[in-house]
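Text of my_file_37.json (JSON, C-alpha atoms) as supplied:
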[["chain", "number", "residue", "atom", "x", "y", "z"],
["A", 53, "MET", "CA", 46.18, -121.02, -96.96],
["A", 54, "SER", "CA", 44.09, -119.60, -99.77],
["A", 55, "ASP", "CA", 44.39, -120.79, -103.35],
["A", 56, "GLU", "CA", 47.50, -119.18, -104.83],
["A", 57, "SER", "CA", 46.01, -117.96, -108.11],
["A", 58, "GLU", "CA", 42.85, -116.61, -106.51],
["A", 59, "GLY", "CA", 44.81, -115.04, -103.67],
["A", 60, "GLY", "CA", 47.25, -113.44, -106.09],
["A", 61, "GLY", "CA", 44.43, -111.92, -108.15],
["A", 62, "GLU", "CA", 42.69, -110.59, -105.06],
["A", 63, "SER", "CA", 45.96, -109.17, -103.73],
["A", 64, "THR", "CA", 46.62, -107.44, -107.05],
["A", 65, "LEU", "CA", 43.13, -105.86, -107.01],
["A", 66, "THR", "CA", 43.67, -104.68, -103.44],
["A", 67, "VAL", "CA", 47.06, -103.14, -104.28],
["A", 68, "VAL", "CA", 45.96, -101.50, -107.56],
["A", 69, "LEU", "CA", 42.87, -99.98, -105.92],
["A", 70, "ALA", "CA", 44.94, -98.66, -103.02],
["A", 71, "GLY", "CA", 47.57, -97.22, -105.39],
["A", 72, "GLY", "CA", 45.06, -95.34, -107.53],
["A", 73, "VAL", "CA", 43.31, -93.95, -104.47],
["A", 74, "ASN", "CA", 46.56, -92.85, -102.81],
["A", 75, "LEU", "CA", 47.84, -91.08, -105.94],
["A", 76, "ALA", "CA", 44.62, -89.06, -106.28],
["A", 77, "ILE", "CA", 44.63, -88.23, -102.58],
["A", 78, "ALA", "CA", 48.29, -87.18, -102.61],
["A", 79, "ILE", "CA", 47.59, -84.58, -105.31],
["A", 80, "LEU", "CA", 44.54, -83.24, -103.45],
["A", 81, "LYS", "CA", 46.42, -82.99, -100.16],
["A", 82, "LEU", "CA", 49.42, -81.27, -101.74],
["A", 83, "VAL", "CA", 47.22, -78.62, -103.35],
["A", 84, "ALA", "CA", 45.28, -78.13, -100.11],
["A", 85, "GLY", "CA", 48.50, -77.95, -98.08],
["A", 86, "ILE", "CA", 49.90, -75.20, -100.33],
["A", 87, "ILE", "CA", 46.64, -73.24, -100.21],
["A", 88, "THR", "CA", 46.06, -73.53, -96.45],
["A", 89, "GLY", "CA", 49.68, -73.46, -95.32],
["A", 90, "SER", "CA", 48.94, -76.39, -93.01],
["A", 91, "GLY", "CA", 51.93, -78.46, -91.96],
["A", 92, "ALA", "CA", 49.64, -81.35, -91.04],
["A", 93, "MET", "CA", 48.13, -81.29, -94.53],
["A", 94, "LEU", "CA", 51.57, -81.32, -96.13],
["A", 95, "SER", "CA", 52.53, -84.22, -93.86],
["A", 96, "GLU", "CA", 49.44, -86.07, -95.03],
["A", 97, "ALA", "CA", 50.45, -85.36, -98.64],
["A", 98, "ALA", "CA", 53.85, -86.95, -97.93],
["A", 99, "HIS", "CA", 51.97, -89.82, -96.25],
["A", 100, "SER", "CA", 49.96, -90.45, -99.42],
["A", 101, "VAL", "CA", 53.05, -90.18, -101.62],
["A", 102, "ALA", "CA", 54.72, -92.82, -99.42],
["A", 103, "ASP", "CA", 51.64, -95.02, -99.72],
["A", 104, "THR", "CA", 51.66, -94.66, -103.51],
["A", 105, "ILE", "CA", 55.32, -95.70, -103.66],
["A", 106, "THR", "CA", 54.41, -98.61, -101.40],
["A", 107, "GLU", "CA", 51.75, -99.83, -103.83],
["A", 108, "VAL", "CA", 54.24, -99.69, -106.73],
["A", 109, "LEU", "CA", 56.66, -101.80, -104.69],
["A", 110, "LEU", "CA", 53.90, -104.25, -103.75],
["A", 111, "LEU", "CA", 52.90, -104.65, -107.40],
["A", 112, "THR", "CA", 56.55, -105.34, -108.20],
["A", 113, "ALA", "CA", 56.55, -107.93, -105.40],
["A", 114, "LEU", "CA", 53.44, -109.66, -106.73],
["A", 115, "LYS", "CA", 54.71, -109.86, -110.32],
["A", 116, "ARG", "CA", 58.31, -110.88, -109.64],
["A", 117, "SER", "CA", 57.39, -113.52, -107.07],
["A", 118, "GLU", "CA", 55.22, -115.36, -109.62],
["A", 119, "ARG", "CA", 58.16, -116.27, -111.86],
["A", 120, "PRO", "CA", 58.72, -120.05, -112.15],
["A", 121, "ALA", "CA", 61.74, -121.83, -110.72],
["A", 122, "ASP", "CA", 64.86, -121.97, -112.89],
["A", 123, "ARG", "CA", 68.47, -123.12, -112.71],
["A", 124, "ARG", "CA", 69.66, -120.19, -110.62],
["A", 125, "HIS", "CA", 66.66, -120.28, -108.29],
["A", 126, "PRO", "CA", 65.51, -123.90, -108.09],
["A", 127, "PHE", "CA", 63.01, -123.12, -105.32],
["A", 128, "GLY", "CA", 61.41, -120.29, -107.28],
["A", 129, "TYR", "CA", 61.13, -116.57, -106.61],
["A", 130, "GLY", "CA", 58.45, -116.61, -103.92],
["A", 131, "LYS", "CA", 60.59, -114.75, -101.39],
["A", 132, "GLU", "CA", 60.85, -111.76, -103.73],
["A", 133, "ARG", "CA", 57.40, -110.84, -102.44],
["A", 134, "TYR", "CA", 58.87, -110.46, -98.96],
["A", 135, "PHE", "CA", 61.91, -108.48, -100.16],
["A", 136, "TRP", "CA", 59.89, -105.87, -102.06],
["A", 137, "SER", "CA", 57.35, -105.69, -99.25],
["A", 138, "LEU", "CA", 60.21, -104.97, -96.84],
["A", 139, "LEU", "CA", 61.28, -102.11, -99.11],
["A", 140, "ALA", "CA", 57.67, -100.88, -98.99],
["A", 141, "ALA", "CA", 57.90, -100.70, -95.19],
["A", 142, "VAL", "CA", 61.15, -98.74, -95.50],
["A", 143, "SER", "CA", 59.42, -96.39, -97.97],
["A", 144, "ILE", "CA", 56.63, -95.68, -95.49],
["A", 145, "PHE", "CA", 59.22, -94.63, -92.92],
["A", 146, "ALA", "CA", 61.62, -92.76, -95.21],
["A", 147, "SER", "CA", 59.06, -90.96, -97.40],
["A", 148, "GLY", "CA", 56.26, -90.47, -94.89],
["A", 149, "ALA", "CA", 57.35, -90.61, -91.27],
["A", 150, "VAL", "CA", 60.59, -88.64, -91.63],
["A", 151, "PHE", "CA", 58.96, -85.81, -93.60],
["A", 152, "ALA", "CA", 55.99, -85.62, -91.22],
["A", 153, "LEU", "CA", 58.27, -85.45, -88.16],
["A", 154, "TYR", "CA", 60.44, -82.79, -89.82],
["A", 155, "GLU", "CA", 57.40, -80.73, -90.79],
["A", 156, "GLY", "CA", 55.93, -81.10, -87.32],
["A", 157, "PHE", "CA", 59.02, -80.00, -85.42],
["A", 158, "ALA", "CA", 59.65, -77.16, -87.89],
["A", 159, "THR", "CA", 56.11, -75.91, -87.29],
["A", 160, "VAL", "CA", 56.23, -76.22, -83.50],
["A", 161, "PHE", "CA", 59.67, -74.66, -83.01],
["A", 162, "GLY", "CA", 59.83, -72.41, -86.06],
["A", 163, "GLU", "CA", 58.22, -69.09, -86.84],
["A", 164, "GLY", "CA", 54.42, -69.09, -86.76],
["A", 165, "SER", "CA", 52.49, -69.11, -90.01],
["A", 166, "GLU", "CA", 49.04, -67.76, -90.77],
["A", 167, "GLN", "CA", 46.33, -70.22, -91.72],
["A", 168, "THR", "CA", 44.44, -69.45, -94.93],
["A", 169, "LYS", "CA", 41.20, -70.95, -96.28],
["A", 170, "PRO", "CA", 40.90, -73.81, -93.80],
["A", 171, "ILE", "CA", 37.62, -74.79, -95.48],
["A", 172, "VAL", "CA", 39.70, -76.12, -98.40],
["A", 173, "GLY", "CA", 41.54, -78.40, -96.00],
["A", 174, "TYR", "CA", 38.30, -79.69, -94.50],
["A", 175, "ILE", "CA", 36.84, -80.48, -97.92],
["A", 176, "VAL", "CA", 39.97, -82.30, -99.08],
["A", 177, "LEU", "CA", 40.20, -84.27, -95.85],
["A", 178, "ALA", "CA", 36.56, -85.34, -96.17],
["A", 179, "LEU", "CA", 37.10, -86.45, -99.79],
["A", 180, "ALA", "CA", 40.30, -88.26, -98.83],
["A", 181, "PHE", "CA", 38.54, -90.04, -95.98],
["A", 182, "ALA", "CA", 35.80, -91.26, -98.32],
["A", 183, "LEU", "CA", 38.33, -92.51, -100.89],
["A", 184, "GLU", "CA", 40.58, -94.15, -98.30],
["A", 185, "SER", "CA", 37.55, -95.91, -96.84],
["A", 186, "VAL", "CA", 36.98, -97.65, -100.20],
["A", 187, "SER", "CA", 40.53, -98.98, -100.29],
["A", 188, "TRP", "CA", 40.43, -99.90, -96.60],
["A", 189, "ALA", "CA", 37.15, -101.79, -97.05],
["A", 190, "GLN", "CA", 38.67, -103.85, -99.90],
["A", 191, "ALA", "CA", 41.68, -104.78, -97.75],
["A", 192, "VAL", "CA", 39.44, -105.73, -94.81],
["A", 193, "ARG", "CA", 37.20, -107.76, -97.12],
["A", 194, "GLN", "CA", 40.15, -109.76, -98.47],
["A", 195, "VAL", "CA", 41.67, -110.47, -95.06],
["A", 196, "ARG", "CA", 38.27, -111.38, -93.58],
["A", 197, "ARG", "CA", 37.49, -113.74, -96.46],
["A", 198, "ASP", "CA", 40.87, -115.47, -96.24],
["A", 199, "ALA", "CA", 40.60, -115.73, -92.45],
["A", 200, "LYS", "CA", 37.17, -117.34, -92.81],
["A", 201, "ALA", "CA", 38.52, -119.80, -95.39],
["A", 202, "GLU", "CA", 41.19, -120.89, -92.90],
["A", 203, "GLN", "CA", 38.72, -120.87, -90.00],
["A", 204, "ARG", "CA", 40.77, -118.39, -88.00],
["A", 205, "PRO", "CA", 39.78, -115.25, -86.08],
["A", 206, "PHE", "CA", 40.52, -112.06, -88.02],
["A", 207, "PHE", "CA", 43.47, -110.87, -85.92],
["A", 208, "ALA", "CA", 44.92, -114.36, -85.45],
["A", 209, "TYR", "CA", 44.98, -114.79, -89.23],
["A", 210, "LEU", "CA", 46.57, -111.36, -89.63],
["A", 211, "ARG", "CA", 49.46, -112.47, -87.40],
["A", 212, "MET", "CA", 49.99, -115.69, -89.38],
["A", 213, "ILE", "CA", 49.40, -114.36, -92.91],
["A", 214, "ASP", "CA", 52.10, -115.27, -95.45],
["A", 215, "ASP", "CA", 50.98, -112.78, -98.12],
["A", 216, "PRO", "CA", 52.29, -109.34, -97.05],
["A", 217, "ALA", "CA", 50.34, -107.39, -99.70],
["A", 218, "PRO", "CA", 46.86, -107.29, -98.09],
["A", 219, "LYS", "CA", 48.37, -106.80, -94.62],
["A", 220, "THR", "CA", 50.48, -103.88, -95.85],
["A", 221, "VAL", "CA", 47.51, -102.23, -97.56],
["A", 222, "LEU", "CA", 45.29, -102.77, -94.51],
["A", 223, "PHE", "CA", 47.85, -101.28, -92.13],
["A", 224, "GLU", "CA", 48.69, -98.30, -94.31],
["A", 225, "ASP", "CA", 45.03, -97.55, -95.05],
["A", 226, "SER", "CA", 44.16, -97.79, -91.35],
["A", 227, "ALA", "CA", 47.04, -95.41, -90.61],
["A", 228, "ALA", "CA", 45.80, -93.13, -93.39],
["A", 229, "LEU", "CA", 42.32, -92.88, -91.86],
["A", 230, "VAL", "CA", 43.77, -92.11, -88.42],
["A", 231, "GLY", "CA", 46.17, -89.61, -90.00],
["A", 232, "LEU", "CA", 43.30, -87.80, -91.69],
["A", 233, "LEU", "CA", 41.54, -87.44, -88.36],
["A", 234, "LEU", "CA", 44.74, -86.08, -86.81],
["A", 235, "ALA", "CA", 45.15, -83.57, -89.66],
["A", 236, "PHE", "CA", 41.51, -82.50, -89.28],
["A", 237, "ALA", "CA", 42.08, -81.94, -85.56],
["A", 238, "GLY", "CA", 45.27, -79.99, -86.21],
["A", 239, "ILE", "CA", 43.65, -77.67, -88.75],
["A", 240, "GLY", "CA", 40.57, -77.24, -86.55],
["A", 241, "LEU", "CA", 42.51, -76.39, -83.40],
["A", 242, "HIS", "CA", 44.73, -74.02, -85.39],
["A", 243, "GLN", "CA", 41.63, -72.23, -86.61],
["A", 244, "LEU", "CA", 40.06, -72.09, -83.13],
["A", 245, "THR", "CA", 43.16, -71.00, -81.20],
["A", 246, "GLY", "CA", 45.10, -69.14, -83.86],
["A", 247, "SER", "CA", 48.21, -71.13, -82.90],
["A", 248, "ASP", "CA", 49.93, -73.34, -85.46],
["A", 249, "VAL", "CA", 51.46, -75.38, -82.65],
["A", 250, "TRP", "CA", 48.44, -77.69, -82.91],
["A", 251, "ASP", "CA", 49.14, -78.13, -86.60],
["A", 252, "GLY", "CA", 52.72, -79.11, -85.77],
["A", 253, "ILE", "CA", 51.65, -81.52, -83.04],
["A", 254, "ALA", "CA", 49.30, -83.20, -85.52],
["A", 255, "SER", "CA", 52.21, -83.59, -87.97],
["A", 256, "ILE", "CA", 54.42, -85.13, -85.28],
["A", 257, "LEU", "CA", 51.67, -87.60, -84.32],
["A", 258, "ILE", "CA", 51.25, -88.53, -87.99],
["A", 259, "GLY", "CA", 55.00, -89.15, -88.23],
["A", 260, "VAL", "CA", 54.99, -91.34, -85.11],
["A", 261, "LEU", "CA", 51.99, -93.25, -86.47],
["A", 262, "LEU", "CA", 53.77, -93.94, -89.78],
["A", 263, "ALA", "CA", 56.97, -94.95, -88.00],
["A", 264, "CYS", "CA", 55.02, -97.51, -85.93],
["A", 265, "VAL", "CA", 53.32, -98.94, -89.03],
["A", 266, "ALA", "CA", 56.66, -99.13, -90.86],
["A", 267, "TYR", "CA", 58.20, -100.99, -87.90],
["A", 268, "LEU", "CA", 55.33, -103.51, -87.68],
["A", 269, "LEU", "CA", 55.41, -104.25, -91.41],
["A", 270, "GLY", "CA", 59.20, -104.36, -91.49],
["A", 271, "SER", "CA", 59.26, -106.83, -88.62],
["A", 272, "THR", "CA", 56.70, -109.07, -90.34],
["A", 273, "ASN", "CA", 58.58, -109.12, -93.65],
["A", 274, "ARG", "CA", 61.93, -109.61, -91.95],
["A", 275, "GLY", "CA", 60.63, -112.80, -90.35],
["A", 276, "LEU", "CA", 59.23, -114.06, -93.64],
["A", 277, "LEU", "CA", 62.40, -113.18, -95.55],
["A", 278, "VAL", "CA", 64.69, -114.90, -93.05],
["A", 279, "GLY", "CA", 62.60, -118.06, -93.32],
["A", 280, "ARG", "CA", 59.64, -118.54, -90.99],
["A", 281, "GLN", "CA", 58.15, -121.90, -90.08],
["A", 282, "ALA", "CA", 54.91, -122.82, -91.83],
["A", 283, "ASP", "CA", 51.53, -122.47, -90.14],
["A", 284, "PRO", "CA", 51.61, -124.59, -86.93],
["A", 285, "ARG", "CA", 48.39, -126.34, -88.00],
["A", 286, "LEU", "CA", 50.06, -127.39, -91.25],
["A", 287, "VAL", "CA", 53.13, -128.57, -89.35],
["A", 288, "ARG", "CA", 50.98, -130.68, -87.02],
["A", 289, "GLY", "CA", 49.13, -132.15, -90.00],
["A", 290, "ILE", "CA", 52.40, -133.13, -91.70],
["A", 291, "ARG", "CA", 53.75, -134.58, -88.46],
["A", 292, "ASP", "CA", 50.64, -136.67, -87.87],
["A", 293, "HIS", "CA", 50.56, -137.90, -91.47],
["A", 294, "LEU", "CA", 54.18, -139.03, -91.39],
["A", 295, "GLY", "CA", 53.80, -140.48, -87.91],
["A", 296, "ALA", "CA", 50.90, -142.65, -89.08],
["A", 297, "ALA", "CA", 52.82, -144.17, -92.01],
["A", 298, "PRO", "CA", 53.36, -147.92, -91.42],
["A", 299, "GLU", "CA", 56.93, -147.79, -92.76],
["A", 300, "ILE", "CA", 58.03, -145.17, -90.19],
["A", 301, "ASP", "CA", 59.08, -146.11, -86.65],
["A", 302, "ALA", "CA", 59.77, -142.53, -85.53],
["A", 303, "LEU", "CA", 59.66, -138.98, -86.88],
["A", 304, "VAL", "CA", 63.04, -137.76, -85.69],
["A", 305, "ASP", "CA", 63.01, -134.18, -87.01],
["A", 306, "LEU", "CA", 60.61, -132.04, -89.02],
["A", 307, "GLN", "CA", 61.55, -128.66, -90.48],
["A", 308, "THR", "CA", 59.35, -126.42, -92.60],
["A", 309, "MET", "CA", 59.97, -123.04, -94.18],
["A", 310, "LEU", "CA", 57.83, -120.57, -96.09],
["A", 311, "MET", "CA", 59.40, -120.16, -99.53],
["A", 312, "GLY", "CA", 56.71, -117.70, -100.62],
["A", 313, "THR", "CA", 52.98, -117.22, -100.39],
["A", 314, "ASP", "CA", 51.28, -120.66, -100.30],
["A", 315, "ASN", "CA", 54.68, -122.27, -100.91],
["A", 316, "VAL", "CA", 56.11, -124.48, -98.15],
["A", 317, "LEU", "CA", 59.33, -126.49, -98.08],
["A", 318, "VAL", "CA", 59.25, -129.64, -95.91],
["A", 319, "CYS", "CA", 62.34, -131.47, -94.67],
["A", 320, "ALA", "CA", 61.71, -134.60, -92.60],
["A", 321, "ARG", "CA", 64.23, -136.93, -90.96],
["A", 322, "VAL", "CA", 62.61, -140.24, -90.15],
["A", 323, "ASP", "CA", 63.61, -143.59, -88.70],
["A", 324, "PHE", "CA", 62.21, -146.22, -91.06],
["A", 325, "ASP", "CA", 61.40, -149.80, -90.18],
["A", 326, "ASP", "CA", 64.71, -151.69, -90.34],
["A", 327, "ALA", "CA", 62.99, -154.56, -92.17],
["A", 328, "LEU", "CA", 62.51, -152.40, -95.28],
["A", 329, "GLY", "CA", 64.75, -153.04, -98.27],
["A", 330, "ALA", "CA", 66.41, -150.27, -100.29],
["A", 331, "ALA", "CA", 63.72, -150.38, -103.00],
["A", 332, "ASP", "CA", 60.94, -150.34, -100.41],
["A", 333, "LEU", "CA", 62.56, -147.33, -98.76],
["A", 334, "GLU", "CA", 62.77, -145.44, -102.07],
["A", 335, "HIS", "CA", 59.14, -146.16, -102.95],
["A", 336, "ALA", "CA", 58.01, -145.13, -99.46],
["A", 337, "CYS", "CA", 59.79, -141.76, -99.72],
["A", 338, "VAL", "CA", 58.23, -141.02, -103.12],
["A", 339, "ARG", "CA", 54.76, -142.09, -101.97],
["A", 340, "LEU", "CA", 54.88, -140.05, -98.77],
["A", 341, "ALA", "CA", 56.07, -136.96, -100.64],
["A", 342, "ASP", "CA", 53.21, -137.29, -103.12],
["A", 343, "GLU", "CA", 50.69, -137.80, -100.31],
["A", 344, "LEU", "CA", 51.87, -134.68, -98.49],
["A", 345, "SER", "CA", 51.68, -132.55, -101.64],
["A", 346, "GLU", "CA", 48.22, -133.89, -102.43],
["A", 347, "ARG", "CA", 46.80, -133.52, -98.93],
["A", 348, "PHE", "CA", 48.38, -130.14, -98.23],
["A", 349, "PRO", "CA", 48.30, -127.92, -101.39],
["A", 350, "ASP", "CA", 50.75, -125.42, -99.88],
["A", 351, "VAL", "CA", 53.48, -128.06, -99.71],
["A", 352, "SER", "CA", 55.58, -127.58, -102.85],
["A", 353, "GLU", "CA", 58.81, -129.42, -102.00],
["A", 354, "VAL", "CA", 59.34, -132.47, -99.76],
["A", 355, "PHE", "CA", 62.67, -133.96, -98.69],
["A", 356, "ILE", "CA", 62.65, -137.16, -96.59],
["A", 357, "GLU", "CA", 65.93, -138.36, -95.10],
["A", 358, "PRO", "CA", 66.25, -141.79, -93.46],
["A", 359, "VAL", "CA", 68.17, -141.51, -90.16],
["A", 360, "PRO", "CA", 68.61, -143.57, -86.99],
["A", 361, "ARG", "CA", 66.70, -142.12, -84.08],
["A", 362, "THR", "CA", 69.55, -142.97, -81.70],
["A", 363, "ASP", "CA", 72.14, -140.77, -83.41],
["A", 364, "PRO", "CA", 73.47, -138.53, -80.58],
["A", 365, "LYS", "CA", 74.36, -135.53, -82.73],
["A", 366, "LEU", "CA", 70.95, -135.48, -84.38],
["A", 367, "ARG", "CA", 69.15, -135.87, -81.06],
["A", 368, "ALA", "CA", 71.19, -132.98, -79.63],
["A", 369, "ALA", "CA", 70.33, -130.77, -82.62],
["A", 370, "VAL", "CA", 66.61, -131.51, -82.27],
["A", 371, "LEU", "CA", 66.69, -130.86, -78.54],
["A", 372, "ALA", "CA", 68.57, -127.58, -79.06],
["A", 373, "ARG", "CA", 65.99, -126.41, -81.61],
["A", 374, "TYR", "CA", 62.74, -127.55, -80.02],
["A", 375, "GLY", "CA", 63.61, -128.80, -76.54],
["A", 376, "LEU", "CA", 61.77, -132.07, -77.26],
["A", 377, "PRO", "CA", 63.01, -135.59, -77.93],
["A", 378, "PRO", "CA", 62.14, -137.33, -81.21],
["A", 379, "ARG", "CA", 58.54, -138.50, -81.23],
["A", 380, "PRO", "CA", 58.09, -142.28, -81.64],
["A", 381, "ASN", "CA", 55.43, -143.75, -83.90],
["A", 382, "GLN", "CA", 52.25, -144.51, -81.97]]
As structure tokens, how would this structure be written, given the file I've shared?
Amino acid sequence: MSDESEGGGESTLTVVLAGGVNLAIAILKLVAGIITGSGAMLSEAAHSVADTITEVLLLTALKRSERPADRRHPFGYGKERYFWSLLAAVSIFASGAVFALYEGFATVFGEGSEQTKPIVGYIVLALAFALESVSWAQAVRQVRRDAKAEQRPFFAYLRMIDDPAPKTVLFEDSAALVGLLLAFAGIGLHQLTGSDVWDGIASILIGVLLACVAYLLGSTNRGLLVGRQADPRLVRGIRDHLGAAPEIDALVDLQTMLMGTDNVLVCARVDFDDALGAADLEHACVRLADELSERFPDVSEVFIEPVPRTDPKLRAAVLARYGLPPRPNQ
């Protein structure tokens, strides 16, 4: 994972840049949609409004998730980032996709409308494409840099990312660029054929595109909010570190959960050497927890529970979860 403070600052820059760009573009598209009478342009205006609302929600997520742990929330507020990001995905669907689909079907099945000053639409779409490209490039730059830091391929990192902000901006900006091309095609075909059906089809395609993006982002944030396991490489590192400890005979169970961006909870059930005394056991637990936090910066909380590896209920629970027996110390 990337450093939390640096990652948070980069995510904030990405979100603020995207929000400013989307607000400016939304105004331009709305004016152009009113002037040209293009349903696709109005759908794109709704798209940009949805994106602007999304950035506000993402900024809220970034700020609220940084609050320190307190009595009511002893594990901190890291998961607030996932909650507000989930609302951002809902916003994309409710504010963008639904309006675009409505506008598209109303145009296709309603009374035809005359297109006016299509050149205005072309100019606005070209300006919007240039501005969106700036925001998109920033999102790509952040994801590419973080993927390189973790030595992962770009798309593999995107699947495993635990910071929803850059992923949300990247997806919505990518959808925005595709949507602009669809709107351009709709206006162009309307001008060439004289039929506004093409304009309506472009609006419907924009709505479907936004619905797909909203589903992908919603699914990602749902998994993070419910409590996803940490990066498998981190889990393997923790397992190997505990397995190599001389005091441990067997690592019976290991559970991890993302509590926020770069914030991992570790719960380990281990079978200690029976020759250890109570004081030795206590010191071993403290030392191992400190070692894990020092070696793996993302590990923020460690709980180590001494258990017998032969306990039938515990073995059954591990087998039910992973399908594997407890791993003995090598």
Give the answer as one residue: which of A:Gln307, A:Thr168, A:Ser100, A:Ser147 has the shortest atom-to-atom distance to His242 of chain A, using all atoms listed in the file?
-> A:Thr168
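Distances from A:Ala208, A:Val176, A:Val195, A:Cys264 to Ala227 of chain A were compared using all atoms listed in the file, and the smallest one belongs to A:Cys264.
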Name all residues at most 12 Å from segment 126-133 of chain A (count all atoms listed in the file; drop same-chain ones fewer than 6 positions away) and give them as a PDB file with C-alpha atoms, in the coordinates of the input.
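Saved as result-v9.pdb:
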ATOM      1  CA  GLU A  56      47.500-119.180-104.830  1.00  0.00           C
ATOM      2  CA  GLY A  60      47.250-113.440-106.090  1.00  0.00           C
ATOM      3  CA  SER A  63      45.960-109.170-103.730  1.00  0.00           C
ATOM      4  CA  LEU A 109      56.660-101.800-104.690  1.00  0.00           C
ATOM      5  CA  LEU A 110      53.900-104.250-103.750  1.00  0.00           C
ATOM      6  CA  LEU A 111      52.900-104.650-107.400  1.00  0.00           C
ATOM      7  CA  THR A 112      56.550-105.340-108.200  1.00  0.00           C
ATOM      8  CA  ALA A 113      56.550-107.930-105.400  1.00  0.00           C
ATOM      9  CA  LEU A 114      53.440-109.660-106.730  1.00  0.00           C
ATOM     10  CA  LYS A 115      54.710-109.860-110.320  1.00  0.00           C
ATOM     11  CA  ARG A 116      58.310-110.880-109.640  1.00  0.00           C
ATOM     12  CA  SER A 117      57.390-113.520-107.070  1.00  0.00           C
ATOM     13  CA  GLU A 118      55.220-115.360-109.620  1.00  0.00           C
ATOM     14  CA  ARG A 119      58.160-116.270-111.860  1.00  0.00           C
ATOM     15  CA  PRO A 120      58.720-120.050-112.150  1.00  0.00           C
ATOM     16  CA  LEU A 139      61.280-102.110 -99.110  1.00  0.00           C
ATOM     17  CA  ALA A 140      57.670-100.880 -98.990  1.00  0.00           C
ATOM     18  CA  ASP A 214      52.100-115.270 -95.450  1.00  0.00           C
ATOM     19  CA  ASP A 215      50.980-112.780 -98.120  1.00  0.00           C
ATOM     20  CA  PRO A 216      52.290-109.340 -97.050  1.00  0.00           C
ATOM     21  CA  ALA A 217      50.340-107.390 -99.700  1.00  0.00           C
ATOM     22  CA  PRO A 218      46.860-107.290 -98.090  1.00  0.00           C
ATOM     23  CA  THR A 220      50.480-103.880 -95.850  1.00  0.00           C
ATOM     24  CA  ASN A 273      58.580-109.120 -93.650  1.00  0.00           C
ATOM     25  CA  ARG A 274      61.930-109.610 -91.950  1.00  0.00           C
ATOM     26  CA  GLY A 275      60.630-112.800 -90.350  1.00  0.00           C
ATOM     27  CA  LEU A 276      59.230-114.060 -93.640  1.00  0.00           C
ATOM     28  CA  LEU A 277      62.400-113.180 -95.550  1.00  0.00           C
ATOM     29  CA  VAL A 278      64.690-114.900 -93.050  1.00  0.00           C
ATOM     30  CA  GLY A 279      62.600-118.060 -93.320  1.00  0.00           C
ATOM     31  CA  ARG A 280      59.640-118.540 -90.990  1.00  0.00           C
ATOM     32  CA  MET A 309      59.970-123.040 -94.180  1.00  0.00           C
ATOM     33  CA  LEU A 310      57.830-120.570 -96.090  1.00  0.00           C
ATOM     34  CA  MET A 311      59.400-120.160 -99.530  1.00  0.00           C
ATOM     35  CA  GLY A 312      56.710-117.700-100.620  1.00  0.00           C
ATOM     36  CA  THR A 313      52.980-117.220-100.390  1.00  0.00           C
ATOM     37  CA  ASP A 314      51.280-120.660-100.300  1.00  0.00           C
ATOM     38  CA  ASN A 315      54.680-122.270-100.910  1.00  0.00           C
ATOM     39  CA  VAL A 316      56.110-124.480 -98.150  1.00  0.00           C
ATOM     40  CA  LEU A 317      59.330-126.490 -98.080  1.00  0.00           C
ATOM     41  CA  SER A 352      55.580-127.580-102.850  1.00  0.00           C
ATOM     42  CA  GLU A 353      58.810-129.420-102.000  1.00  0.00           C
ATOM     43  CA  VAL A 354      59.340-132.470 -99.760  1.00  0.00           C
TER      44      VAL A 354
END
Hey, what's within 6 Å of Ala97 of chain A if we count all atoms listed in the file and toss same-chain stuff fewer than 6 positions away? As a ChimeraX atom specification, please?
-> /A:78,81-82
Record the distance separating atom CA of Ala296 of chain A and atom CA of Leu366 of chain A, expressed in Å with one decimal.
->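 Separation between atom CA of Ala296 of chain A and atom CA of Leu366 of chain A: 21.8 Å.
Minimum atom-to-atom distances from A:Asn74, A:Ser345, A:Ser90, A:Thr64 to Ala180 of chain A were compared using all atoms listed in the file, and the lowest value belongs to A:Asn74.
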Please give the centre and size of the box around segment 228-233 of chain A (axis-aligned, containing every atom listed in the file, 3 Å added per side), with values in Å to one decimal and written as lines of an AutoDock Vina configuration file.
center_x = 43.9
center_y = -90.3
center_z = -90.9
size_x = 10.6
size_y = 11.7
size_z = 11.0
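Residue nearest Leu269 of chain A, chosen from A:Asp251, A:Glu343, A:Glu224, A:Asp323 and counting all atoms listed in the file: A:Glu224.
Closest to Glu184 of chain A among A:Ile171, A:Leu138, A:Leu69, A:Ile87 is A:Leu69, based on all atoms listed in the file.
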Leaving out Phe151 of chain A and any residue of its chain fewer than 2 positions from it, which residues lie within 10 Å of it when counting all atoms listed in the file, given as a ChimeraX atom specification?
-> /A:94-99,145-149,153-156,255-256,258-259
Output C-alpha atoms for every residue in that selection, as a compact mmCIF listing (two decimals), keeping the file's coordinate frame.
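Output file out-v8.txt is given in full below:
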# COMPACT_ATOMS: atom_id res chain seq x y z
CA LEU A 94 51.57 -81.32 -96.13
CA SER A 95 52.53 -84.22 -93.86
CA GLU A 96 49.44 -86.07 -95.03
CA ALA A 97 50.45 -85.36 -98.64
CA ALA A 98 53.85 -86.95 -97.93
CA HIS A 99 51.97 -89.82 -96.25
CA PHE A 145 59.22 -94.63 -92.92
CA ALA A 146 61.62 -92.76 -95.21
CA SER A 147 59.06 -90.96 -97.40
CA GLY A 148 56.26 -90.47 -94.89
CA ALA A 149 57.35 -90.61 -91.27
CA LEU A 153 58.27 -85.45 -88.16
CA TYR A 154 60.44 -82.79 -89.82
CA GLU A 155 57.40 -80.73 -90.79
CA GLY A 156 55.93 -81.10 -87.32
CA SER A 255 52.21 -83.59 -87.97
CA ILE A 256 54.42 -85.13 -85.28
CA ILE A 258 51.25 -88.53 -87.99
CA GLY A 259 55.00 -89.15 -88.23
